[in-house]
>>> print(open('upload-v1.cif').read())   # mmCIF, C-alpha atoms and all ligand atoms
data_coords
#
loop_
_atom_site.label_atom_id
_atom_site.label_comp_id
_atom_site.auth_asym_id
_atom_site.auth_seq_id
_atom_site.Cartn_x
_atom_site.Cartn_y
_atom_site.Cartn_z
CA MET P 1 97.01 115.77 83.19
CA TRP P 2 93.40 116.64 82.51
CA GLY P 3 90.27 114.51 82.42
CA MET P 4 86.56 114.23 82.75
CA ILE P 5 84.15 111.53 83.90
CA ALA P 6 80.35 111.59 83.79
CA THR P 7 77.29 109.50 84.56
CA TRP P 8 75.49 107.69 81.73
CA ARG P 9 76.03 107.35 78.00
CA MET P 10 74.10 110.57 77.44
CA ALA P 11 77.10 112.54 78.73
CA LEU P 12 79.33 111.47 75.83
CA GLU P 13 78.80 114.45 73.53
CA GLY P 14 79.23 116.81 76.47
CA VAL P 15 82.38 115.06 77.66
CA THR P 16 83.74 115.24 74.12
CA LYS P 17 83.12 118.96 74.01
CA GLY P 18 84.50 119.53 77.50
CA CYS P 19 87.65 117.59 76.68
CA GLU P 20 88.28 119.63 73.57
CA MET P 21 88.24 122.68 75.79
CA LEU P 22 90.51 121.08 78.39
CA GLY P 23 92.93 120.05 75.66
CA GLN P 24 93.12 123.66 74.57
CA GLY P 25 94.02 124.67 78.09
CA GLN P 26 90.62 125.99 79.16
CA ASN P 27 89.64 125.67 82.80
CA ALA P 28 87.60 122.96 84.47
CA GLY P 29 84.84 125.42 85.39
CA ASP P 30 84.08 126.40 81.82
CA ALA P 31 84.61 122.89 80.50
CA VAL P 32 82.20 121.23 82.91
CA GLU P 33 79.57 123.91 82.31
CA ALA P 34 79.82 123.54 78.52
CA ALA P 35 79.69 119.76 78.84
CA ILE P 36 76.54 119.80 80.95
CA ARG P 37 74.88 122.37 78.72
CA GLU P 38 75.34 120.03 75.79
CA VAL P 39 73.29 117.39 77.61
CA GLU P 40 70.69 119.93 78.77
CA ASP P 41 70.15 121.15 75.22
CA PHE P 42 69.59 117.75 73.63
CA PRO P 43 65.79 117.20 73.55
CA TYR P 44 65.90 113.40 73.40
CA TYR P 45 67.59 112.99 76.78
CA LYS P 46 64.46 112.98 78.82
CA SER P 47 65.74 113.49 82.32
CA VAL P 48 67.98 116.50 81.85
CA GLY P 49 67.15 120.01 80.65
CA TYR P 50 65.08 120.54 77.54
CA GLY P 51 62.76 117.60 77.03
CA GLY P 52 63.14 116.59 80.69
CA LEU P 53 60.28 114.58 82.12
CA PRO P 54 57.67 116.46 84.10
CA ASN P 55 56.48 116.21 87.69
CA GLU P 56 53.05 115.00 88.78
CA GLU P 57 51.51 118.27 87.60
CA MET P 58 53.09 118.04 84.17
CA GLU P 59 55.64 120.75 84.86
CA VAL P 60 59.35 120.36 84.19
CA GLU P 61 61.12 121.34 87.42
CA LEU P 62 64.89 121.14 87.18
CA ASP P 63 67.71 120.75 89.70
CA ALA P 64 71.35 121.61 88.98
CA ALA P 65 74.58 122.40 90.78
CA TYR P 66 78.16 123.45 90.32
CA MET P 67 81.17 123.24 92.64
CA ASP P 68 84.62 124.76 92.31
CA GLY P 69 87.17 122.54 94.00
CA ASP P 70 89.75 125.33 94.39
CA THR P 71 87.58 127.62 96.49
CA LEU P 72 84.93 125.07 97.53
CA SER P 73 82.35 127.52 96.17
CA ILE P 74 78.95 125.98 95.56
CA GLY P 75 75.98 127.15 93.53
CA ALA P 76 72.71 125.31 93.01
CA VAL P 77 69.16 125.72 91.82
CA ALA P 78 66.28 123.42 92.64
CA ALA P 79 62.79 123.04 91.19
CA ILE P 80 63.45 125.79 88.66
CA LYS P 81 61.11 126.07 85.69
CA ASP P 82 61.44 127.52 82.21
CA TYR P 83 65.17 128.14 82.03
CA ALA P 84 67.27 126.56 79.33
CA ASN P 85 70.49 125.87 81.21
CA PRO P 86 70.14 125.42 84.97
CA VAL P 87 73.83 124.49 85.30
CA SER P 88 74.86 127.96 84.15
CA ILE P 89 72.58 129.57 86.71
CA ALA P 90 74.09 127.31 89.37
CA LYS P 91 77.61 128.28 88.30
CA ARG P 92 76.69 131.94 88.38
CA LEU P 93 75.28 131.49 91.91
CA SER P 94 78.56 129.93 93.03
CA GLN P 95 80.17 133.35 92.57
CA GLU P 96 77.90 134.97 95.14
CA SER P 97 79.11 135.20 98.72
CA VAL P 98 75.72 134.19 100.10
CA ASN P 99 72.41 133.05 98.56
CA ASN P 100 74.19 130.25 96.72
CA VAL P 101 71.29 127.82 96.63
CA LEU P 102 67.97 129.08 95.30
CA VAL P 103 64.72 127.23 94.73
CA GLY P 104 61.66 127.67 92.53
CA GLU P 105 60.42 131.19 92.05
CA GLY P 106 63.46 132.73 93.75
CA ALA P 107 65.79 130.89 91.40
CA GLU P 108 63.71 131.99 88.41
CA LYS P 109 63.77 135.61 89.55
CA PHE P 110 67.54 135.52 89.90
CA ALA P 111 67.94 133.91 86.48
CA HIS P 112 65.69 136.52 84.91
CA LYS P 113 67.60 139.37 86.50
CA GLU P 114 70.88 137.93 85.32
CA GLY P 115 69.58 137.63 81.77
CA PHE P 116 69.56 133.85 81.42
CA GLU P 117 67.62 132.38 78.52
CA ARG P 118 63.99 131.59 79.27
CA LYS P 119 62.64 128.55 77.55
CA ASN P 120 59.57 126.39 77.84
CA MET P 121 61.28 123.15 78.76
CA LEU P 122 58.21 120.94 78.35
CA THR P 123 58.26 119.30 74.94
CA ASP P 124 55.39 117.49 73.20
CA ARG P 125 57.47 114.35 73.48
CA ALA P 126 57.73 114.73 77.26
CA LYS P 127 53.95 115.30 77.42
CA ALA P 128 53.42 112.05 75.52
CA PHE P 129 55.67 110.20 77.99
CA TYR P 130 53.68 111.76 80.81
CA ARG P 131 50.34 110.56 79.46
CA LYS P 132 51.75 107.12 78.81
CA ARG P 133 53.34 106.85 82.22
CA LYS P 134 50.25 108.08 84.00
CA LYS P 135 48.31 105.19 82.57
CA GLU P 136 51.05 102.66 83.32
CA VAL P 137 52.00 103.49 86.87
CA ALA P 138 48.86 104.59 88.56
CA GLN P 139 49.69 102.28 91.47
CA GLN P 140 53.46 101.94 91.31
CA GLU P 141 56.17 103.32 93.48
CA LEU P 142 58.22 106.20 92.07
CA LYS P 143 61.58 105.08 90.72
CA PRO P 144 64.46 106.78 88.97
CA TYR P 145 63.57 106.46 85.35
CA ALA P 146 65.56 103.47 84.12
CA GLY P 147 68.55 104.03 81.95
CA HIS P 148 68.73 107.78 81.33
CA ASP P 149 69.08 109.77 84.43
CA THR P 150 70.87 112.66 86.02
CA VAL P 151 74.01 113.88 84.41
CA GLY P 152 76.79 114.32 86.95
CA MET P 153 80.35 115.17 86.01
CA VAL P 154 83.77 115.61 87.54
CA CYS P 155 86.37 117.56 85.64
CA LEU P 156 90.11 118.12 86.14
CA ASP P 157 92.08 120.69 84.18
CA ARG P 158 95.79 121.09 83.46
CA ASP P 159 96.24 123.47 86.35
CA GLY P 160 94.88 120.89 88.77
CA LYS P 161 91.50 122.51 89.30
CA VAL P 162 88.72 120.03 90.00
CA THR P 163 85.05 120.88 89.45
CA ALA P 164 81.82 118.94 89.72
CA ALA P 165 78.40 119.70 88.26
CA THR P 166 74.99 118.07 87.92
CA SER P 167 71.74 118.65 86.06
CA THR P 168 68.46 116.76 86.15
CA SER P 169 64.71 116.87 85.94
CA GLY P 170 64.79 114.51 88.93
CA LEU P 171 62.33 111.70 89.27
CA PHE P 172 59.66 111.40 86.64
CA MET P 173 56.24 112.15 88.23
CA LYS P 174 57.80 113.56 91.39
CA LYS P 175 55.75 115.84 93.61
CA LYS P 176 55.85 119.51 92.78
CA GLY P 177 58.69 121.04 94.80
CA ARG P 178 60.48 117.74 95.35
CA VAL P 179 64.25 118.17 95.49
CA GLY P 180 66.65 115.29 94.93
CA ASP P 181 70.32 114.83 95.71
CA SER P 182 71.61 116.53 92.57
CA PRO P 183 71.62 120.13 93.88
CA ILE P 184 72.68 119.05 97.39
CA ALA P 185 76.40 119.45 98.04
CA GLY P 186 78.02 116.30 99.34
CA SER P 187 75.20 114.08 98.11
CA GLY P 188 74.84 114.64 94.37
CA PHE P 189 78.32 116.09 93.93
CA TYR P 190 81.48 117.23 95.67
CA ALA P 191 84.80 118.62 94.45
CA ASP P 192 88.04 119.45 96.23
CA SER P 193 91.03 120.28 94.06
CA LYS P 194 93.35 118.96 96.77
CA VAL P 195 91.76 115.53 96.39
CA GLY P 196 89.31 115.04 93.51
CA GLY P 197 85.57 114.94 92.95
CA ALA P 198 82.55 112.65 92.83
CA SER P 199 78.99 112.74 91.53
CA ALA P 200 75.91 110.57 91.90
CA THR P 201 72.87 109.36 90.04
CA GLY P 202 70.05 107.18 91.28
CA LEU P 203 67.38 107.55 93.92
CA GLY P 204 68.07 110.94 95.48
CA GLU P 205 66.21 110.11 98.67
CA ASP P 206 68.66 107.27 99.33
CA LEU P 207 71.83 108.90 97.96
CA MET P 208 71.28 111.74 100.42
CA LYS P 209 71.17 109.32 103.35
CA GLY P 210 74.87 108.62 102.86
CA CYS P 211 76.13 112.08 101.76
CA ILE P 212 77.80 109.78 99.33
CA SER P 213 79.73 112.12 97.03
CA TYR P 214 81.42 113.72 100.02
CA GLU P 215 82.09 110.30 101.48
CA ILE P 216 83.90 109.23 98.30
CA VAL P 217 86.04 112.36 98.27
CA ARG P 218 86.79 111.79 101.94
CA LEU P 219 87.90 108.23 101.23
CA MET P 220 90.10 109.44 98.37
CA LYS P 221 91.61 111.95 100.77
CA GLU P 222 92.53 109.06 103.03
CA GLY P 223 94.48 107.64 100.11
CA LEU P 224 92.02 105.29 98.43
CA HIS P 225 92.04 104.97 94.66
CA PRO P 226 88.78 106.39 93.19
CA GLN P 227 87.64 102.90 92.22
CA GLU P 228 88.12 101.60 95.74
CA ALA P 229 86.53 104.72 97.23
CA CYS P 230 83.44 104.41 95.01
CA GLU P 231 83.00 100.72 95.70
CA ARG P 232 83.45 101.07 99.42
CA ALA P 233 81.01 103.97 99.73
CA VAL P 234 78.33 102.43 97.49
CA ASN P 235 78.55 98.98 99.06
CA LEU P 236 78.42 100.35 102.57
CA LEU P 237 75.42 102.60 101.92
CA ASP P 238 73.65 99.81 100.04
CA GLN P 239 74.24 97.47 102.96
CA GLU P 240 73.18 100.00 105.62
CA LEU P 241 69.98 100.80 103.76
CA LYS P 242 69.09 97.17 103.31
CA GLU P 243 69.84 96.39 106.93
CA ARG P 244 67.86 99.29 108.34
CA ARG P 245 65.10 99.70 105.77
CA GLY P 246 64.90 96.36 104.00
CA LYS P 247 65.84 97.80 100.62
CA ALA P 248 68.15 100.25 98.89
CA GLY P 249 67.35 102.49 95.95
CA ASP P 250 69.57 102.85 92.91
CA LEU P 251 73.01 104.23 93.78
CA SER P 252 75.54 104.91 91.00
CA LEU P 253 78.67 106.99 91.45
CA ILE P 254 81.59 108.29 89.43
CA ALA P 255 84.79 109.88 90.74
CA MET P 256 88.13 111.23 89.59
CA ASN P 257 91.10 112.22 91.71
CA LYS P 258 93.53 115.05 91.14
CA GLU P 259 95.90 112.72 89.28
CA GLY P 260 93.21 111.91 86.72
CA GLN P 261 92.66 108.38 88.05
CA TRP P 262 88.99 107.50 88.09
CA GLY P 263 86.48 105.04 89.43
CA VAL P 264 82.81 104.05 89.35
CA ALA P 265 80.47 101.92 91.39
CA THR P 266 76.82 100.99 91.30
CA ASN P 267 74.31 98.71 92.96
CA ILE P 268 72.25 98.26 89.78
CA GLU P 269 72.48 96.57 86.41
CA GLY P 270 72.90 98.72 83.37
CA PHE P 271 74.84 101.72 84.63
CA SER P 272 76.91 103.38 81.92
CA PHE P 273 79.39 106.23 82.07
CA ALA P 274 81.64 108.31 79.83
CA VAL P 275 85.25 109.11 80.60
CA ALA P 276 88.29 110.67 78.98
CA VAL P 277 91.71 111.67 80.20
CA GLU P 278 94.59 113.33 78.41
CA GLY P 279 95.82 110.89 75.76
CA GLN P 280 92.65 108.77 75.94
CA PRO P 281 89.64 109.86 73.89
CA PRO P 282 86.12 109.88 75.37
CA ARG P 283 84.64 106.41 75.66
CA VAL P 284 81.46 104.91 77.04
CA TYR P 285 81.69 101.95 79.39
CA LEU P 286 79.05 99.64 80.82
CA VAL P 287 79.39 98.64 84.44
CA LYS P 288 78.79 95.21 85.83
CA ARG P 289 78.58 94.61 89.54
CA ASN P 290 80.01 91.26 90.57
CA GLU P 291 78.75 89.09 93.42
CA ASP P 292 81.70 90.15 95.57
CA GLY P 293 80.63 93.79 95.32
CA HIS P 294 83.40 94.81 92.93
CA CYS P 295 82.46 96.56 89.73
CA ALA P 296 83.89 95.59 86.37
CA PHE P 297 83.38 97.59 83.21
CA GLU P 298 83.77 97.11 79.50
CA GLU P 299 83.59 99.47 76.59
CA ALA P 300 80.13 99.73 75.04
CA SER P 301 79.92 97.97 71.69
CA LYS P 302 78.96 99.74 68.51
CA GLU P 303 75.65 97.83 68.50
CA TRP P 304 74.90 99.00 72.02
CA MET P 305 75.69 102.60 71.09
CA ASP P 306 73.55 102.45 67.95
CA ASP P 307 70.68 100.84 69.78
CA TYR P 308 70.91 103.45 72.53
CA MET P 309 70.34 106.32 70.14
CA LYS P 310 67.64 104.46 68.25
CA THR P 311 65.60 103.84 71.37
CA ARG P 312 66.10 107.39 72.65
CA MET P 313 64.79 108.82 69.41
CA ALA P 314 62.03 106.31 68.65
CA PRO P 315 58.48 107.70 68.48
CA VAL P 316 56.57 107.52 71.78
CA LYS P 317 53.85 104.89 71.56
CA GLU P 318 51.02 105.93 73.84
C1 LIG P 401 67.11 112.55 91.80
N1 LIG P 401 69.25 111.51 91.55
O1 LIG P 401 66.49 113.58 91.59
C2 LIG P 401 68.21 112.18 90.84
C3 LIG P 401 67.61 111.40 89.72
C4 LIG P 401 68.49 110.42 89.08
O2 LIG P 401 68.65 108.36 88.23
O3 LIG P 401 69.69 110.45 89.11
N2 LIG P 401 67.92 109.40 88.56
O4 LIG P 401 66.86 111.79 92.74
#
>>> encode(input="upload-v1.cif", output="structure tokens")
Amino acid sequence: MWGMIATWRMALEGVTKGCEMLGQGQNAGDAVEAAIREVEDFPYYKSVGYGGLPNEEMEVELDAAYMDGDTLSIGAVAAIKDYANPVSIAKRLSQESVNNVLVGEGAEKFAHKEGFERKNMLTDRAKAFYRKRKKEVAQQELKPYAGHDTVGMVCLDRDGKVTAATSTSGLFMKKKGRVGDSPIAGSGFYADSKVGGASATGLGEDLMKGCISYEIVRLMKEGLHPQEACERAVNLLDQELKERRGKAGDLSLIAMNKEGQWGVATNIEGFSFAVAVEGQPPRVYLVKRNEDGHCAFEEASKEWMDDYMKTRMAPVKE
């Protein structure tokens, strides 16, 4: 059995590519990297890679990570600028014995030395969004940018290897140097080939408070189905945050276990995800959270899919 699950509709093309590789017997490390790169390279997805939305100072600072569930090796970069594919740098760092997580200038130096492609990641389109947003939200609180966020994936190959990877430009208008959950092991992602993997999207500051990806893997290890594990972890963190802080940020999670069973949970409206397993082609689903805290999902309609692309690619009205 092989399979792949990922946050948001934007992961679909990547999941499709990754699954082709898995179907041909390639490993979960290469498949997840190729899948994330696909999302990073697409300029109209404005919170991952090229075309990602800038920080307060109009710079695109990117976070990414990779985890190998066989060895538990982790690699991550945070607040890295001007590199085309942060996930590949993260994967490369996972092969080092130390210095696995690098930030800013140090990450860029490493990437340069290793010959990774330099690229100005700030597009004119992202600049237009910046100018527009600056006008709109002068007074507002920073929020994960609705509807097209971090890409996080879990991948299982035929040999039973589980990997997880993430890539993001983080929160739009974040402070320079701000790091979210996505490059933080256990929060934005976790993978253990003996159990499965999980990955998160939403408000990093709150996702980190629950080490939620690790928590889901831990619950799966106790025998919970991924769906149950996701719901339990999300609902509990949501509840704790509300109880202690009066509110909870967006928390959306995906997971897959080593049998290829999968699950998702969210505390928001409008979370979408892409999933495929052997014998079942990649599909996009929309998640609905019921009053009782359970999440139901249905396949996205053709209209929804068409509209999604149309809005992503529409001209930016400033
Ligand atoms: C972050 N979790 O940097 C990321 C952003 C994200 O939905 O997923 N937004 O906090």
>>> residues_near_ligand(input="upload-v1.cif", ligand="ligand LIG 401 (chain P)", cutoff="6 Å", atoms="only C-alpha atoms and all ligand atoms", output="VMD selection string")
chain P and resid 144 149 to 150 170 to 171 180 to 182 201 to 204
>>> closest_atom_pairs(input="upload-v1.cif", of="range 140-212 of chain P", to="range 11-14 of chain P", cutoff="10 Å", atoms="all atoms listed in the file", output="Markdown table")
| residue | atom | partner | partner_atom | distance |
| --- | --- | --- | --- | --- |
| P:His148 | CA | P:Ala11 | CA | 10.0 |
| P:Thr150 | CA | P:Ala11 | CA | 9.6 |
| P:Val151 | CA | P:Ala11 | CA | 6.6 |
| P:Gly152 | CA | P:Ala11 | CA | 8.4 |
| P:Met153 | CA | P:Ala11 | CA | 8.4 |
>>> residues_around(input="upload-v1.cif", residues="Glu114 in chain P", least_positions_apart="2", cutoff="12 Å", atoms="only C-alpha atoms", output="PyMOL selection string")
chain P and resi 83+88-90+92-93+107-112+116-118
>>> atom_distance(input="upload-v1.cif", atom1="CA of Asp192 in chain P", atom2="CA of Pro226 in chain P")
13.4 Å
>>> atom_distance(input="upload-v1.cif", atom1="CA of Asp68 in chain P", atom2="CA of Val179 in chain P")
21.6 Å
>>> closest_residue(input="upload-v1.cif", among="P:Ala296, P:Met256, P:Leu122, P:Val287", to="Phe271 in chain P", atoms="only C-alpha atoms")
P:Val287
>>> closest_residue(input="upload-v1.cif", among="P:Arg158, P:Lys134, P:Lys258, P:Lys91", to="Gly23 in chain P", atoms="only C-alpha atoms")
P:Arg158
>>> residues_around(input="upload-v1.cif", residues="Lys247 in chain P", least_positions_apart="4", cutoff="12 Å", atoms="all atoms listed in the file", output="list of chain:residue names")
P:Leu203, P:Asp206, P:Leu237, P:Asp238, P:Gln239, P:Glu240, P:Leu241, P:Lys242, P:Glu243, P:Leu251, P:Asn267
>>> write_last_selection(input="upload-v1.cif", atoms="C-alpha atoms", output="compact mmCIF listing (two decimals), keeping the file's coordinate frame")
# COMPACT_ATOMS: atom_id res chain seq x y z
CA LEU P 203 67.38 107.55 93.92
CA ASP P 206 68.66 107.27 99.33
CA LEU P 237 75.42 102.60 101.92
CA ASP P 238 73.65 99.81 100.04
CA GLN P 239 74.24 97.47 102.96
CA GLU P 240 73.18 100.00 105.62
CA LEU P 241 69.98 100.80 103.76
CA LYS P 242 69.09 97.17 103.31
CA GLU P 243 69.84 96.39 106.93
CA LEU P 251 73.01 104.23 93.78
CA ASN P 267 74.31 98.71 92.96
>>> atom_distance(input="upload-v1.cif", atom1="CA of Cys230 in chain P", atom2="CA of Ile254 in chain P")
7.0 Å
>>> residues_around(input="upload-v1.cif", residues="Gln26 in chain P", least_positions_apart="5", cutoff="9 Å", atoms="only C-alpha atoms", output="ChimeraX atom specification")
/P:20-21,31,157-158
>>> build_atoms(input="upload-v1.cif", residues="range 65-78 of chain P", atoms="N, CA, C and O atoms", output="short mmCIF file (atom, residue, chain, number, x, y, z; two decimals), keeping the file's coordinate frame")
data_model
loop_
_atom_site.label_atom_id
_atom_site.label_comp_id
_atom_site.auth_asym_id
_atom_site.auth_seq_id
_atom_site.Cartn_x
_atom_site.Cartn_y
_atom_site.Cartn_z
N ALA P 65 73.58 121.86 89.85
CA ALA P 65 74.58 122.40 90.78
C ALA P 65 75.95 122.49 90.13
O ALA P 65 76.21 121.85 89.10
N TYR P 66 76.78 123.28 90.78
CA TYR P 66 78.16 123.45 90.32
C TYR P 66 79.04 123.64 91.55
O TYR P 66 78.66 124.32 92.51
N MET P 67 80.22 123.03 91.54
CA MET P 67 81.17 123.24 92.64
C MET P 67 82.57 123.44 92.11
O MET P 67 83.03 122.70 91.22
N ASP P 68 83.24 124.44 92.66
CA ASP P 68 84.62 124.76 92.31
C ASP P 68 85.52 124.20 93.39
O ASP P 68 85.47 124.63 94.54
N GLY P 69 86.34 123.23 93.02
CA GLY P 69 87.17 122.54 94.00
C GLY P 69 88.35 123.34 94.52
O GLY P 69 88.98 122.94 95.50
N ASP P 70 88.67 124.47 93.88
CA ASP P 70 89.75 125.33 94.39
C ASP P 70 89.27 126.10 95.61
O ASP P 70 89.93 126.16 96.64
N THR P 71 88.10 126.72 95.45
CA THR P 71 87.58 127.62 96.49
C THR P 71 86.51 126.95 97.35
O THR P 71 86.06 127.53 98.33
N LEU P 72 86.06 125.79 96.93
CA LEU P 72 84.93 125.07 97.53
C LEU P 72 83.62 125.85 97.37
O LEU P 72 82.65 125.59 98.08
N SER P 73 83.59 126.78 96.44
CA SER P 73 82.35 127.52 96.17
C SER P 73 81.31 126.59 95.57
O SER P 73 81.63 125.75 94.73
N ILE P 74 80.07 126.81 96.01
CA ILE P 74 78.95 125.98 95.56
C ILE P 74 77.83 126.87 95.06
O ILE P 74 77.53 127.90 95.66
N GLY P 75 77.20 126.47 93.97
CA GLY P 75 75.98 127.15 93.53
C GLY P 75 74.99 126.08 93.12
O GLY P 75 75.38 125.06 92.54
N ALA P 76 73.72 126.30 93.42
CA ALA P 76 72.71 125.31 93.01
C ALA P 76 71.34 125.94 92.85
O ALA P 76 71.01 126.92 93.52
N VAL P 77 70.57 125.36 91.95
CA VAL P 77 69.16 125.72 91.82
C VAL P 77 68.34 124.44 91.97
O VAL P 77 68.81 123.36 91.61
N ALA P 78 67.14 124.59 92.50
CA ALA P 78 66.28 123.42 92.64
C ALA P 78 64.86 123.80 92.23
O ALA P 78 64.43 124.94 92.45
#
